[in-house]
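In what follows, a structure is listed as C-alpha cells, so that the remarks can point back to it.
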Amino acid sequence: MGANGAYDVESYRADFPILSTQVHGHPLVYLDNAASAQKPRQVIDRVSEVYETGYANVHRGLHYLSEKATADYEAARETIRSYINARSTAEVIYTRGASEAINLVAATWGRQNLREGDEIIVTYMEHHSNIVPWQLLRDEKGLVLKGVPIGPDGTFELAAFKALLTDRTRLVAITHVSNVLGTVVPVKEVIRLAHEAGAVALIDGCQAVQHMTVDVQDLDCDFYVFSGHKLYGPSGIGALYGKEALLEKMPPYQGGGEMISSVTLEKSEWADLPHKFEAGTPAIAQAIGLGAAIDYVKAIGVERIGAHERDLITYATQRLSAVDGLRLVGTAAGKVSVVSFVMDCAHPHDIATIVDRQGVAVRAGHHCAQPLMDHLDLSSTARASVGLYNTRAEIDALADSLDKVRAIFG
Ligand SMILES: Cc1ncc(COP(=O)(O)O)c(C=O)c1O
C-alpha cells in the first residue's frame, strides 16, 4: 500500500476481512458506508493489541501499563490533530461521535452565549444530530432556528443562505457533505459569511473527513465535528475540534473524574484543555483504534480515496440512470460518496430487502434527515454509499439487483 502509484483497490479490499463475507449465497457488496464503514485489519489488530498488551486506565496510574495506554491514547489525539490540521491537541476533544460533539457545543457554548431572540441557521439537509440539539436549546432559551432551503437537485445555494443571515444570527451549524444527497457545501465561504455577520460557525464533518482533506485552520471554522466509525475506525469514538479561545471560555459539559484539577465539597477547578471536556474513563481502545484508522487512510491518501470514490459515483450515476423507473435524488455538481434514489415500482424498504437477497447492502429510509425528506416531498429513499474499497463491479451488482426489483415489482 502506498500513497503513490495506481489505486490498488484489490489490495485495500484484502485489508478488510468482512468483505469476504457471503450474504444469502452471494459475495457481500457493502454500499452502506455513509451509515458506518467497515474496519481494516490494521484497526482491528490495533484494538486487539491494546487489550492484549497495552490496556489500563489513562491519566491516572503511575504504573507501566497506565503510562503506555496514556501515551498511545494521547498519540491518537495528535494523529487526529494533524489529520484536520488543528493548531494544538488542546483543540481536539474526544467525544462518542458527532452527535455527542454537537450536543456538547449546544449545552456549553450555546447555553452560555445565546439569548432569547438569537438566531441559529442550519440547512434543510442536516442530519437530525445537527437539528435536535439546537431545537432543545431553542425551546429552553427562546431562540429562532432557521433552515436554508435546498434546490430540487440538492444544490446548496449561497444566495439562499445569505438571505437568512441577520444581525441576530449567532450560530451557523451546517453539514460539510449531505448524508442523503452527497452535496458538498462550500463551507469555507459559508464560514466567511457567518463570521462577517458576527456568528460562530460549526461544521458537521461526519460525511466529509473520510472523503476529502479537511483543514480546520484553512476553513477557519469555530467548531468541526466527526465520528470515527465512518472513517474506518471503531464506533463509540469521535472528535470535536474547537478554537482554543472559544473552548477556554466554555463551561464543562459533564462533571466527573478526569475533567478537574481540584475538588473540595465547596468548589471544583477544571482541568486544562482538552481534558476539561472529557469527564470519566474515556473510550481508550477506540480512540487508539481511530488513530490507527487515520494512519490507514493517510497511507493510501484521502485525496486518492476521494478520486476513486468520485469515479464510482459517476459510474453509479450512469448505471442507475439507465434502470427503468428509477429517479436519482440529489444530483448537485461536485457531489460525493452517496447515490440516493427512488423507483416508481417499489418502496425503498422493498428495494433494500430485495437487493439484500443478492448480497447488496444499501440503506433505505429517511436517513435521519426527515426535514430534507419533507422538503423534497419524499417519505424515504434508497441510498448506496461508497467507501475506499468499493469497485465498479459492485456498482454493476447493485444495478443488476435493481433490475431484479423491477422484475419482481414492475
Ligand atoms: C451528516 C451526519 N451528521 C451526524 C451524524 C451522526 O453521527 P453519529 O451517529 O456517529 O453521532 C451522521 C451519521 O449518520 C451524519 O451522516
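Going through the C-alpha cells in order, the chains are called A, B, and so on, while each chain numbers its residues from 1 and the ligands are numbered from 1 in the order shown.
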Which residues of chain A sit at most 10 Å from ligand 1, using only C-alpha atoms and all ligand atoms? Give each one's shortest atom pair and distance in Å (one decimal place), in chain and ascending residue order, as a Markdown table.
| residue | atom | partner | partner_atom_place_in_ligand_line | distance |
| --- | --- | --- | --- | --- |
| A:Asn33 | CA | ligand 1 | 14 (O) | 9.6 |
| A:Ala34 | CA | ligand 1 | 16 (O) | 6.3 |
| A:Ala35 | CA | ligand 1 | 14 (O) | 5.2 |
| A:Ser36 | CA | ligand 1 | 14 (O) | 7.6 |
| A:Thr95 | CA | ligand 1 | 11 (O) | 9.2 |
| A:Arg96 | CA | ligand 1 | 11 (O) | 7.1 |
| A:Gly97 | CA | ligand 1 | 11 (O) | 4.3 |
| A:Ala98 | CA | ligand 1 | 11 (O) | 4.0 |
| A:Ser99 | CA | ligand 1 | 11 (O) | 3.6 |
| A:Glu100 | CA | ligand 1 | 11 (O) | 6.2 |
| A:Ala101 | CA | ligand 1 | 11 (O) | 7.9 |
| A:Ile102 | CA | ligand 1 | 11 (O) | 8.6 |
| A:Asn103 | CA | ligand 1 | 11 (O) | 9.8 |
| A:Met125 | CA | ligand 1 | 1 (C) | 8.7 |
| A:Glu126 | CA | ligand 1 | 1 (C) | 6.4 |
| A:His127 | CA | ligand 1 | 3 (N) | 4.9 |
| A:His128 | CA | ligand 1 | 4 (C) | 7.2 |
| A:Ser129 | CA | ligand 1 | 4 (C) | 5.2 |
| A:Asn130 | CA | ligand 1 | 3 (N) | 6.5 |
| A:Ile131 | CA | ligand 1 | 3 (N) | 9.6 |
| A:Ile174 | CA | ligand 1 | 1 (C) | 9.1 |
| A:Thr175 | CA | ligand 1 | 1 (C) | 5.9 |
| A:His176 | CA | ligand 1 | 1 (C) | 7.6 |
| A:Val177 | CA | ligand 1 | 1 (C) | 6.6 |
| A:Ser178 | CA | ligand 1 | 1 (C) | 5.8 |
| A:Asn179 | CA | ligand 1 | 16 (O) | 4.7 |
| A:Val180 | CA | ligand 1 | 16 (O) | 8.0 |
| A:Gly182 | CA | ligand 1 | 1 (C) | 9.7 |
| A:Ile203 | CA | ligand 1 | 3 (N) | 9.5 |
| A:Asp204 | CA | ligand 1 | 3 (N) | 5.8 |
| A:Gly205 | CA | ligand 1 | 1 (C) | 6.7 |
| A:Cys206 | CA | ligand 1 | 2 (C) | 4.8 |
| A:Gln207 | CA | ligand 1 | 1 (C) | 5.4 |
| A:Ala208 | CA | ligand 1 | 1 (C) | 8.4 |
| A:Val225 | CA | ligand 1 | 4 (C) | 8.4 |
| A:Phe226 | CA | ligand 1 | 7 (O) | 7.1 |
| A:Ser227 | CA | ligand 1 | 10 (O) | 4.8 |
| A:Gly228 | CA | ligand 1 | 10 (O) | 7.4 |
| A:His229 | CA | ligand 1 | 10 (O) | 6.8 |
| A:Lys230 | CA | ligand 1 | 10 (O) | 7.4 |
| A:Ser235 | CA | ligand 1 | 10 (O) | 7.5 |
| A:Gly236 | CA | ligand 1 | 10 (O) | 7.8 |
| A:Ile237 | CA | ligand 1 | 10 (O) | 8.2 |
| A:Gly238 | CA | ligand 1 | 10 (O) | 7.5 |
| A:Ala239 | CA | ligand 1 | 11 (O) | 9.9 |
| A:His367 | CA | ligand 1 | 14 (O) | 7.3 |
| A:Cys368 | CA | ligand 1 | 14 (O) | 7.1 |
| A:Ala369 | CA | ligand 1 | 1 (C) | 9.0 |
Which residues are near Val336 (chain A)? Cut-off 10 Å, only C-alpha atoms, ignore same chain within fewer than 3 positions. Put them as a PyMOL selection string.
chain A and resi 177-179+181-184+207-208+211-212+306-307+309-314+331-333+339+385-386
Could you write those residues out with N, CA and C atoms, as a PDB file, in the first residue's frame?
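This went into selection23.pdb:
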ATOM      1  N   VAL A 177     -20.921  17.783   4.089  1.00  0.00           N
ATOM      2  CA  VAL A 177     -21.437  16.951   2.989  1.00  0.00           C
ATOM      3  C   VAL A 177     -22.753  16.335   3.448  1.00  0.00           C
ATOM      4  N   SER A 178     -23.775  16.390   2.588  1.00  0.00           N
ATOM      5  CA  SER A 178     -25.076  15.805   2.949  1.00  0.00           C
ATOM      6  C   SER A 178     -25.001  14.285   2.939  1.00  0.00           C
ATOM      7  N   ASN A 179     -25.525  13.660   3.998  1.00  0.00           N
ATOM      8  CA  ASN A 179     -25.500  12.194   4.061  1.00  0.00           C
ATOM      9  C   ASN A 179     -26.549  11.559   3.157  1.00  0.00           C
ATOM     10  N   LEU A 181     -27.741  13.366   0.028  1.00  0.00           N
ATOM     11  CA  LEU A 181     -27.616  13.856  -1.348  1.00  0.00           C
ATOM     12  C   LEU A 181     -26.176  13.858  -1.849  1.00  0.00           C
ATOM     13  N   GLY A 182     -25.232  13.802  -0.934  1.00  0.00           N
ATOM     14  CA  GLY A 182     -23.813  13.884  -1.330  1.00  0.00           C
ATOM     15  C   GLY A 182     -23.375  15.294  -1.681  1.00  0.00           C
ATOM     16  N   THR A 183     -24.286  16.254  -1.553  1.00  0.00           N
ATOM     17  CA  THR A 183     -23.955  17.650  -1.856  1.00  0.00           C
ATOM     18  C   THR A 183     -22.803  18.125  -0.974  1.00  0.00           C
ATOM     19  N   VAL A 184     -21.815  18.764  -1.596  1.00  0.00           N
ATOM     20  CA  VAL A 184     -20.714  19.347  -0.830  1.00  0.00           C
ATOM     21  C   VAL A 184     -21.021  20.832  -0.649  1.00  0.00           C
ATOM     22  N   GLN A 207     -19.643  13.314   7.101  1.00  0.00           N
ATOM     23  CA  GLN A 207     -19.592  12.693   5.775  1.00  0.00           C
ATOM     24  C   GLN A 207     -18.491  13.312   4.917  1.00  0.00           C
ATOM     25  N   ALA A 208     -17.551  14.003   5.551  1.00  0.00           N
ATOM     26  CA  ALA A 208     -16.509  14.668   4.766  1.00  0.00           C
ATOM     27  C   ALA A 208     -15.118  14.112   5.043  1.00  0.00           C
ATOM     28  N   HIS A 211     -13.555  11.424   2.963  1.00  0.00           N
ATOM     29  CA  HIS A 211     -13.558  11.571   1.501  1.00  0.00           C
ATOM     30  C   HIS A 211     -12.665  12.687   0.986  1.00  0.00           C
ATOM     31  N   MET A 212     -12.254  13.606   1.836  1.00  0.00           N
ATOM     32  CA  MET A 212     -11.514  14.784   1.357  1.00  0.00           C
ATOM     33  C   MET A 212     -10.620  15.346   2.459  1.00  0.00           C
ATOM     34  N   GLY A 306     -10.764   9.857  -2.377  1.00  0.00           N
ATOM     35  CA  GLY A 306     -11.841  10.712  -2.896  1.00  0.00           C
ATOM     36  C   GLY A 306     -11.963  10.597  -4.408  1.00  0.00           C
ATOM     37  N   ALA A 307     -10.834  10.555  -5.105  1.00  0.00           N
ATOM     38  CA  ALA A 307     -10.858  10.459  -6.578  1.00  0.00           C
ATOM     39  C   ALA A 307     -11.450   9.115  -7.002  1.00  0.00           C
ATOM     40  N   GLU A 309     -13.548   7.292  -5.302  1.00  0.00           N
ATOM     41  CA  GLU A 309     -14.979   7.308  -4.990  1.00  0.00           C
ATOM     42  C   GLU A 309     -15.756   8.175  -5.990  1.00  0.00           C
ATOM     43  N   ARG A 310     -15.146   9.274  -6.425  1.00  0.00           N
ATOM     44  CA  ARG A 310     -15.845  10.122  -7.417  1.00  0.00           C
ATOM     45  C   ARG A 310     -16.059   9.353  -8.710  1.00  0.00           C
ATOM     46  N   ASP A 311     -15.053   8.558  -9.099  1.00  0.00           N
ATOM     47  CA  ASP A 311     -15.208   7.734 -10.292  1.00  0.00           C
ATOM     48  C   ASP A 311     -16.383   6.763 -10.101  1.00  0.00           C
ATOM     49  N   LEU A 312     -16.470   6.164  -8.906  1.00  0.00           N
ATOM     50  CA  LEU A 312     -17.568   5.215  -8.642  1.00  0.00           C
ATOM     51  C   LEU A 312     -18.924   5.916  -8.678  1.00  0.00           C
ATOM     52  N   ILE A 313     -18.972   7.145  -8.148  1.00  0.00           N
ATOM     53  CA  ILE A 313     -20.248   7.870  -8.109  1.00  0.00           C
ATOM     54  C   ILE A 313     -20.670   8.257  -9.531  1.00  0.00           C
ATOM     55  N   THR A 314     -19.693   8.663 -10.358  1.00  0.00           N
ATOM     56  CA  THR A 314     -20.014   8.988 -11.755  1.00  0.00           C
ATOM     57  C   THR A 314     -20.544   7.740 -12.459  1.00  0.00           C
ATOM     58  N   THR A 331     -28.456  15.507  -7.348  1.00  0.00           N
ATOM     59  CA  THR A 331     -27.530  15.438  -8.486  1.00  0.00           C
ATOM     60  C   THR A 331     -26.715  16.729  -8.562  1.00  0.00           C
ATOM     61  N   ALA A 332     -26.463  17.342  -7.434  1.00  0.00           N
ATOM     62  CA  ALA A 332     -25.719  18.605  -7.418  1.00  0.00           C
ATOM     63  C   ALA A 332     -24.328  18.403  -8.004  1.00  0.00           C
ATOM     64  N   ALA A 333     -23.835  19.416  -8.701  1.00  0.00           N
ATOM     65  CA  ALA A 333     -22.492  19.332  -9.281  1.00  0.00           C
ATOM     66  C   ALA A 333     -21.474  19.112  -8.159  1.00  0.00           C
ATOM     67  N   VAL A 339     -25.350   7.903  -3.488  1.00  0.00           N
ATOM     68  CA  VAL A 339     -26.352   7.983  -4.556  1.00  0.00           C
ATOM     69  C   VAL A 339     -27.676   7.580  -3.933  1.00  0.00           C
ATOM     70  N   SER A 385     -23.927   4.052  -0.730  1.00  0.00           N
ATOM     71  CA  SER A 385     -22.831   4.964  -0.383  1.00  0.00           C
ATOM     72  C   SER A 385     -21.518   4.197  -0.431  1.00  0.00           C
ATOM     73  N   VAL A 386     -20.520   4.825  -1.051  1.00  0.00           N
ATOM     74  CA  VAL A 386     -19.279   4.101  -1.347  1.00  0.00           C
ATOM     75  C   VAL A 386     -18.164   4.454  -0.367  1.00  0.00           C
TER      76      VAL A 386
END
Counting only C-alpha atoms, the option among A:Leu137, A:Ala292, A:Leu398, A:Ile351 closest to Ile44 (chain A):
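Closest to Ile44 (chain A), using only C-alpha atoms: A:Ala292.
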Point-to-point distance from CA of Ala279 (chain A) to CA of Val263 (chain A), Å rounded to tenths:
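Rounded to one decimal, the two atoms are 13.6 Å apart.
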Which is closest to Gly359 (chain A) among A:Leu328, A:Ala397, A:Ala163, A:Ala76, if we use only C-alpha atoms?
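Among A:Leu328, A:Ala397, A:Ala163, A:Ala76, it is A:Ala397 that comes nearest to Gly359 (chain A).
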Can you measure CA of Leu136 (chain A) to CA of Leu104 (chain A) for me? One decimal in Å is fine.
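Separating CA of Leu136 (chain A) from CA of Leu104 (chain A) is a distance of 12.4 Å.
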Between A:Ile300, A:Ile294, A:Ala173, A:Ala159, which is the closest to Gly233 (chain A) once you count only C-alpha atoms?
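Checking each of A:Ile300, A:Ile294, A:Ala173, A:Ala159 against Gly233 (chain A), counting only C-alpha atoms, the winner is A:Ile294.
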Ranking A:Gly5, A:Pro17, A:Pro40, A:Pro251 by minimum distance to Gly301 (chain A) and counting only C-alpha atoms, which one comes first?
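Answer, going by the shortest atom-to-atom distance: A:Gly5.
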Give me every strand (DSSP E) residue in region 180-283 of chain A, going by DSSP on the backbone, as a list of chain:residue names.
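The strand (DSSP E) subset of region 180-283 of chain A is A:Val200, A:Ala201, A:Leu202, A:Ile203, A:Asp204, A:Phe223, A:Tyr224, A:Val225, A:Phe226, A:Ser227, A:Gly238, A:Ala239, A:Leu240, A:Tyr241, A:Gly242, A:Ile260, A:Ser261, A:Ser262, A:Val263, A:Ser268, A:Glu269, A:Trp270.
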If we count only C-alpha atoms, what is near region 9-13 of chain A at a cut-off of 9 Å, once residues fewer than 6 positions away on the same chain are taken out, given as an mmCIF file with N, CA, C and O atoms, in the first residue's frame?
data_model
loop_
_atom_site.group_PDB
_atom_site.id
_atom_site.type_symbol
_atom_site.label_atom_id
_atom_site.label_comp_id
_atom_site.auth_asym_id
_atom_site.auth_seq_id
_atom_site.Cartn_x
_atom_site.Cartn_y
_atom_site.Cartn_z
ATOM 1 N N MET A 1 0.844 -1.195 0.000
ATOM 2 C CA MET A 1 0.000 0.000 0.000
ATOM 3 C C MET A 1 0.884 1.251 0.000
ATOM 4 O O MET A 1 1.844 1.323 0.735
ATOM 5 N N LEU A 19 -15.103 -8.159 4.091
ATOM 6 C CA LEU A 19 -15.503 -8.095 2.680
ATOM 7 C C LEU A 19 -15.527 -9.475 2.032
ATOM 8 O O LEU A 19 -16.065 -9.636 0.936
ATOM 9 N N SER A 20 -14.985 -10.489 2.701
ATOM 10 C CA SER A 20 -15.087 -11.837 2.110
ATOM 11 C C SER A 20 -16.329 -12.582 2.611
ATOM 12 O O SER A 20 -16.519 -13.759 2.292
ATOM 13 N N PRO A 40 -10.491 -2.017 8.614
ATOM 14 C CA PRO A 40 -9.369 -2.805 8.090
ATOM 15 C C PRO A 40 -8.673 -3.591 9.199
ATOM 16 O O PRO A 40 -8.763 -3.234 10.378
ATOM 17 N N ILE A 300 -2.954 5.529 2.318
ATOM 18 C CA ILE A 300 -3.480 5.452 0.942
ATOM 19 C C ILE A 300 -3.522 6.863 0.348
ATOM 20 O O ILE A 300 -3.191 7.067 -0.818
ATOM 21 N N HIS A 308 -11.052 8.053 -6.315
ATOM 22 C CA HIS A 308 -11.596 6.714 -6.613
ATOM 23 C C HIS A 308 -13.114 6.716 -6.406
ATOM 24 O O HIS A 308 -13.880 6.215 -7.244
ATOM 25 N N LEU A 388 -13.662 3.402 0.366
ATOM 26 C CA LEU A 388 -12.384 3.260 -0.345
ATOM 27 C C LEU A 388 -12.225 1.905 -1.017
ATOM 28 O O LEU A 388 -11.408 1.751 -1.924
ATOM 29 N N TYR A 389 -12.993 0.889 -0.556
ATOM 30 C CA TYR A 389 -12.808 -0.476 -1.071
ATOM 31 C C TYR A 389 -13.829 -0.886 -2.124
ATOM 32 O O TYR A 389 -13.820 -2.019 -2.585
ATOM 33 N N ASN A 390 -14.767 -0.005 -2.467
ATOM 34 C CA ASN A 390 -15.787 -0.410 -3.441
ATOM 35 C C ASN A 390 -15.230 -0.374 -4.870
ATOM 36 O O ASN A 390 -14.230 0.293 -5.136
ATOM 37 N N THR A 391 -15.924 -1.121 -5.741
ATOM 38 C CA THR A 391 -15.435 -1.273 -7.125
ATOM 39 C C THR A 391 -16.578 -1.020 -8.120
ATOM 40 O O THR A 391 -17.758 -1.080 -7.748
#
Mind giving me the straight-line distance from CA of Val216 (chain A) to CA of Gly147 (chain A) in Å, one decimal?
23.8 Å
Using only C-alpha atoms, can you tell me which of A:Ala393, A:Arg115, A:Ala199, A:Arg357 comes closest to His26 (chain A)?
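Going through A:Ala393, A:Arg115, A:Ala199, A:Arg357 one by one, the smallest distance to His26 (chain A) is for A:Arg357.
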